[in-house]
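Undergrad: Sharing a structure below in structure tokens format, with a few things to ask.
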Amino acid sequence: MQEKNESMKSYYTFDDVQIVPKLSNIEHRSECDISQSQLSKNFKIDLPLVSAPMDTVTGLEMALAMLGLGGVGFIHRFMSIGSQSDVIDSLLKESKLLYDNGSAPICGTIGVTGDYLSRAGILLDSGVNVFLLDVAHGHHQLVKTALIELKNMQRSNHYKFDIIAGSVCTAEATADLIEWGADGIRVGVGNGSMCSTRIQTGVGLPSISSIEECAYIGKKHGIPIMADGGIRTPGDVCKAIGIGASTVMIGSLLAGTQESPGRIIKVGTWPNEVLQKKYRGSASLESKKDRGEEKNVEGTARYVLYKGKIKRIVNDICDGLRSSMSYVGARTLAEYREKCEFVRVTSAGLTEAKPHGLL
């Protein structure tokens, strides 16, 4: 064991690093263009933001709202094929009002076991043109088989769609998924706010290093990387994109919003009531029980404060990203990735980075 781990790498996450400011001639952050991010090999979006395929995050309302703001939402798969198809039908009809050219990415989520091929076929007929293979461990034979089967379906029926595969966190996994046919890679294992994979299994890698490693491979092959998990602030979005991600998937930041699925509940006694909504991981016991499962629990569930509409949150993230670009003197996201330089920080540096004027 000692010999095996002699060359053990150090991996870093968002709080371990900061972006170095550089000479800039940008007078206002409005000069910074955050449009035209590559969602997958053949689809672009106007904002580099994607809502997570969780049953308490992305349903019809969230997907429509994200499209309206320039991002996308992946309709979760934890419903019947018929129900998911109906949501896609509604999304396609209403999104055409937002995108007159009909080229909006209509994003659906499927698994890699059971009825996933028949589900994919029905969703394609409903209008899906971007699939997300929603798997906790994407570097797996089942994912390889699913990618091959879906690509065969694409060729034989002349469908036009892209497949984003994952989740993975290593260069080797990224290279394999691209070789198997993936048009985009979802990066992040065990780092979601409702995920307990690392607690239950000890498996996973810190976000910043895994995004950097996977993005390097993706860039060589012209395949974009989607960073997923661990995003708590606009600054984390900036770091994920600066280190190489084309898009960033967010869950907890959008949980509890008006557009997220679920009802608003009142907690407490008048006049000190607070409004809350349920937020749960897809591998939580509660979520699994709703699907008739109880084993391999690797997620949690809780109530979060009601946050209102997502527009404010998305605008805050976009403002932070534009400001970050101005700090390094970048007018485009491609230039931003080139100019971003990262340094490690100590725990004291992390404390200093947070507001502390009232301590």
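If you're wondering about the labels, chains in the structure tokens are A, B, ... by order shown, residues count from 1 in each chain, ligands from 1 in order shown.
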Which residues are close to A:Lys151, i.e. within 12 Å by only C-alpha atoms, leaving aside same-chain residues fewer than 3 positions away? Reply as a PyMOL selection string.

TA: chain A and resi 117+120-121+131+144-148+154-163+180-183

Undergrad: Can you pull out every residue within 12 Å of stretch 205-210 of chain A, counting only C-alpha atoms, but drop anything in the same chain fewer than 3 positions away, and send it as an NGL selection string?

TA: :A and (9-19 or 167-174 or 185-192 or 197-198 or 202 or 213-217 or 225-231 or 236-245 or 248 or 342-344)

Undergrad: I want to know what sits within 7 Å of A:Gln36, based on only C-alpha atoms, with residues of the same chain fewer than 2 positions away left out; could you give that as number ranges by chain?

TA: A: 34, 38, 44-47

Undergrad: Can you pull out every residue from stretch 188-324 of chain A that DSSP, working from the backbone, puts in strand (DSSP E or B), and format the result as a list in words?

TA: Cys195, Ile225, Met226, Ala227, Asp228, Thr247, Val248, Met249, Ile250, Thr257, Ile265, Lys266, Val267, Val274, Leu275, Gln276, Lys277, Lys278, Tyr279, Arg280, Ser284, Gly299, Ala301, Arg302, Tyr303, Val304, Leu305 and Gly308 of chain A

Undergrad: Would you export the selected residues with C-alpha atoms as a CSV table (one decimal), in the first residue's frame, please?

TA:
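selection-v2.csv, freshly written:
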```csv
chain,number,residue,atom,x,y,z
A,195,CYS,CA,-24.9,13.7,-2.1
A,225,ILE,CA,-17.2,19.7,-20.1
A,226,MET,CA,-20.1,20.4,-17.8
A,227,ALA,CA,-19.1,21.0,-14.1
A,228,ASP,CA,-21.6,19.5,-11.7
A,247,THR,CA,-21.2,25.0,-18.6
A,248,VAL,CA,-22.0,24.6,-14.9
A,249,MET,CA,-24.9,22.5,-13.5
A,250,ILE,CA,-26.5,24.0,-10.4
A,257,THR,CA,-37.3,28.7,-5.9
A,265,ILE,CA,-45.0,25.2,3.1
A,266,LYS,CA,-45.2,27.5,6.1
A,267,VAL,CA,-43.1,26.7,9.1
A,274,VAL,CA,-41.0,31.2,7.2
A,275,LEU,CA,-41.6,29.7,3.8
A,276,GLN,CA,-39.8,26.5,2.7
A,277,LYS,CA,-39.7,23.9,-0.1
A,278,LYS,CA,-38.3,20.3,-0.2
A,279,TYR,CA,-34.9,19.7,-1.6
A,280,ARG,CA,-33.6,16.1,-1.9
A,284,SER,CA,-31.7,9.9,-0.9
A,299,GLY,CA,-28.1,11.2,-0.6
A,301,ALA,CA,-33.2,15.4,2.0
A,302,ARG,CA,-34.2,18.6,3.7
A,303,TYR,CA,-36.3,21.7,3.5
A,304,VAL,CA,-34.7,24.9,2.3
A,305,LEU,CA,-36.0,28.5,2.6
A,308,GLY,CA,-38.6,33.5,-5.0
```

Undergrad: Just the alpha helix (DSSP H) stuff from stretch 176-349 of chain A, please, per backbone DSSP, written as JSON, numbers by chain.

TA: {"A": [176, 177, 178, 179, 180, 197, 198, 199, 200, 201, 207, 208, 209, 210, 211, 212, 213, 214, 215, 216, 217, 218, 219, 220, 221, 234, 235, 236, 237, 238, 239, 240, 241, 242, 285, 286, 287, 288, 289, 290, 310, 311, 312, 313, 314, 315, 316, 317, 318, 319, 320, 321, 322, 323, 324, 325, 326, 327, 328, 333, 334, 335, 336, 337, 338, 339, 347, 348, 349]}

Undergrad: Please identify all polymer residues within 9 Å of A:Ile110, counting only C-alpha atoms, omitting same-chain residues fewer than 4 positions from it, and present them as a PyMOL selection string.

TA: chain A and resi 76-77+116-117+119-120+131-135

Undergrad: Taking only C-alpha atoms into account, which of A:Thr233, A:Ile223, A:Lys22, A:Ala348 comes nearest A:Val314?

TA: A:Thr233

Undergrad: Calculated over only C-alpha atoms, which of the candidates A:Met66, A:Ile75, A:Leu142, A:Leu123 has the smallest distance to A:Ala165?

TA: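 Closest candidate: A:Leu142.
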
Undergrad: In terms of the shortest atom-to-atom distance over only C-alpha atoms, which of A:Asn272, A:Ser40, A:Ala136, A:Gly114 is closest to A:Gly204?

TA: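 Residue with the minimum atom-to-atom distance to A:Gly204: A:Ala136.
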
Undergrad: Can you pull out every residue within 12 Å of A:Leu67, counting only C-alpha atoms, but drop anything in the same chain fewer than 5 positions away, and send it as a compact mmCIF listing (two decimals) with C-alpha atoms, in the first residue's frame?

TA:
```
# COMPACT_ATOMS: atom_id res chain seq x y z
CA LYS A 44 -24.86 26.12 -27.75
CA ILE A 45 -26.67 28.16 -25.10
CA ASP A 46 -26.58 31.88 -24.30
CA LEU A 47 -25.70 31.45 -20.62
CA PRO A 48 -23.31 28.76 -19.29
CA LEU A 49 -25.86 27.57 -16.71
CA VAL A 50 -27.79 24.30 -16.51
CA SER A 51 -30.32 23.25 -13.87
CA THR A 58 -36.09 20.73 -12.74
CA LEU A 60 -41.45 22.09 -16.71
CA GLU A 61 -41.47 25.49 -14.98
CA MET A 62 -37.75 25.41 -14.25
CA VAL A 72 -31.27 25.09 -20.07
CA GLY A 73 -32.79 22.65 -17.62
CA PHE A 74 -32.67 18.87 -17.86
CA LEU A 91 -41.63 22.39 -23.06
CA LEU A 92 -41.21 22.14 -26.82
CA GLU A 94 -43.74 26.80 -25.11
CA SER A 95 -40.04 27.06 -25.90
CA LYS A 96 -40.84 27.74 -29.55
CA LEU A 97 -42.43 30.94 -28.32
CA LEU A 98 -39.05 31.82 -26.85
CA TYR A 99 -36.95 30.63 -29.78
CA SER A 103 -33.18 25.42 -32.53
CA ALA A 104 -33.46 25.50 -28.75
CA PRO A 105 -31.90 22.53 -26.97
CA ILE A 106 -34.73 20.42 -25.53
CA CYS A 107 -33.06 18.43 -22.79
CA ILE A 310 -34.77 32.12 -10.23
CA LYS A 311 -34.16 35.27 -12.27
CA VAL A 314 -29.23 33.64 -12.28
```
